[in-house]
Amino acid sequence: MNIEQTKKNDTLTFHLEGRLDLLSAPKLQDILIPTIDGTQSIVLDLKQLTYISSAGLRVILIAQKTASSLNVALNVNNVSDEVMEIFEMTGFSDFLVFGG
């Protein structure tokens with residue numbers, strides 16, 4: 001998995017490419033979670049994400065809870081149909097903010 005970060009104003013965007021699974025989830029967690037405190041907005045751009053496992057979902061859940069506790073907006077953009085289906089089946093679509 002490739003993780004690219006860009007910053008524009010107070011928004012930090014993470015562009016994820018490949019598979020977010022048991023092997024790559026710890027890398028994303030190590031990069032993403034510490035950056036939440038210190039920014040106003042986080043965007044997860046999933047345009048190039050082809051798969052997400054339960055380990056990947058766990059990292060997104062931790063990020064969402066951390067962001068919420070710090071009053072940081074966390075948005076998920078460009079979700080493929082396959083990944084959105086996983087979000088819907090697991091209930092993540094009920095609490096994640098898409099777009100914006």
# chains A, B, ... in the order shown; residues from 1 in each chain; ligands from 1
$ select_by_dssp --residues "chain A" --states "strand (DSSP E or B)" --output "JSON, numbers by chain"
{"A": [2, 3, 4, 5, 6, 7, 8, 11, 12, 13, 14, 15, 16, 17, 18, 19, 20, 37, 39, 41, 42, 43, 44, 45, 46, 47, 48, 49, 50, 51, 52, 73, 74, 75, 76, 77, 97, 98]}
$ select_by_dssp --residues "chain A" --states "alpha helix (DSSP H)" --output "ChimeraX atom specification"
/A:25-36,54-69,81-90
$ atom_distance --atom1 "CA of Met84 (chain A)" --atom2 "CA of Thr6 (chain A)"
23.3 Å
$ residues_around --residues "region 58-60 of chain A" --least-positions-apart "4" --cutoff "7 Å" --atoms "only C-alpha atoms" --output "compact mmCIF listing (two decimals) with C-alpha atoms, in the first residue's frame"
# COMPACT_ATOMS: atom_id res chain seq x y z
CA ALA A 25 -2.97 -1.17 8.48
CA GLN A 29 -2.13 3.87 11.89
CA SER A 54 -11.17 -5.59 9.24
CA GLN A 64 -12.65 8.71 13.53
$ residues_around --residues "Gly56 (chain A)" --least-positions-apart "5" --cutoff "12 Å" --atoms "only C-alpha atoms" --output "compact mmCIF listing (two decimals) with C-alpha atoms, in the first residue's frame"
# COMPACT_ATOMS: atom_id res chain seq x y z
CA MET A 1 0.00 0.00 0.00
CA LEU A 16 -4.40 5.65 -0.06
CA GLY A 18 -3.69 -0.47 -2.95
CA ARG A 19 -4.93 -2.77 -0.21
CA LEU A 20 -5.57 -1.69 3.38
CA ASP A 21 -5.19 -5.02 5.14
CA LEU A 22 -3.47 -6.73 8.05
CA LEU A 23 -0.02 -5.96 6.65
CA SER A 24 -0.57 -2.30 5.73
CA ALA A 25 -2.97 -1.17 8.48
CA PRO A 26 -0.25 -0.68 11.14
CA LYS A 27 1.69 1.58 8.76
CA LEU A 28 -1.37 3.75 8.17
CA GLN A 29 -2.13 3.87 11.89
CA LEU A 49 -7.96 1.90 -2.52
CA THR A 50 -8.90 -1.50 -3.93
CA TYR A 51 -9.63 -3.43 -0.73
CA LEU A 61 -12.49 3.64 13.43
CA ILE A 62 -9.60 4.69 15.69
CA ALA A 63 -8.98 7.72 13.47
CA VAL A 83 -15.10 -0.38 -0.54
CA ILE A 86 -17.82 -3.03 2.90
CA PHE A 87 -18.56 0.23 4.75
CA PHE A 92 -19.31 2.29 8.92
$ residues_around --residues "Val43 (chain A)" --least-positions-apart "5" --cutoff "7 Å" --atoms "only C-alpha atoms" --output "PyMOL selection string"
chain A and resi 12-14+74-77
$ atom_distance --atom1 "CA of Gln48 (chain A)" --atom2 "CA of Ser68 (chain A)"
25.3 Å
$ closest_residue --among "A:Thr35, A:Asn2, A:Lys65, A:Asp10" --to "Phe95 (chain A)" --atoms "only C-alpha atoms"
A:Lys65
$ residues_around --residues "Thr66 (chain A)" --least-positions-apart "5" --cutoff "9 Å" --atoms "only C-alpha atoms" --output "MDAnalysis selection string"
chainID A and resid 33 36:37 61 71:72
$ atom_distance --atom1 "CA of Glu85 (chain A)" --atom2 "CA of Ile52 (chain A)"
10.5 Å
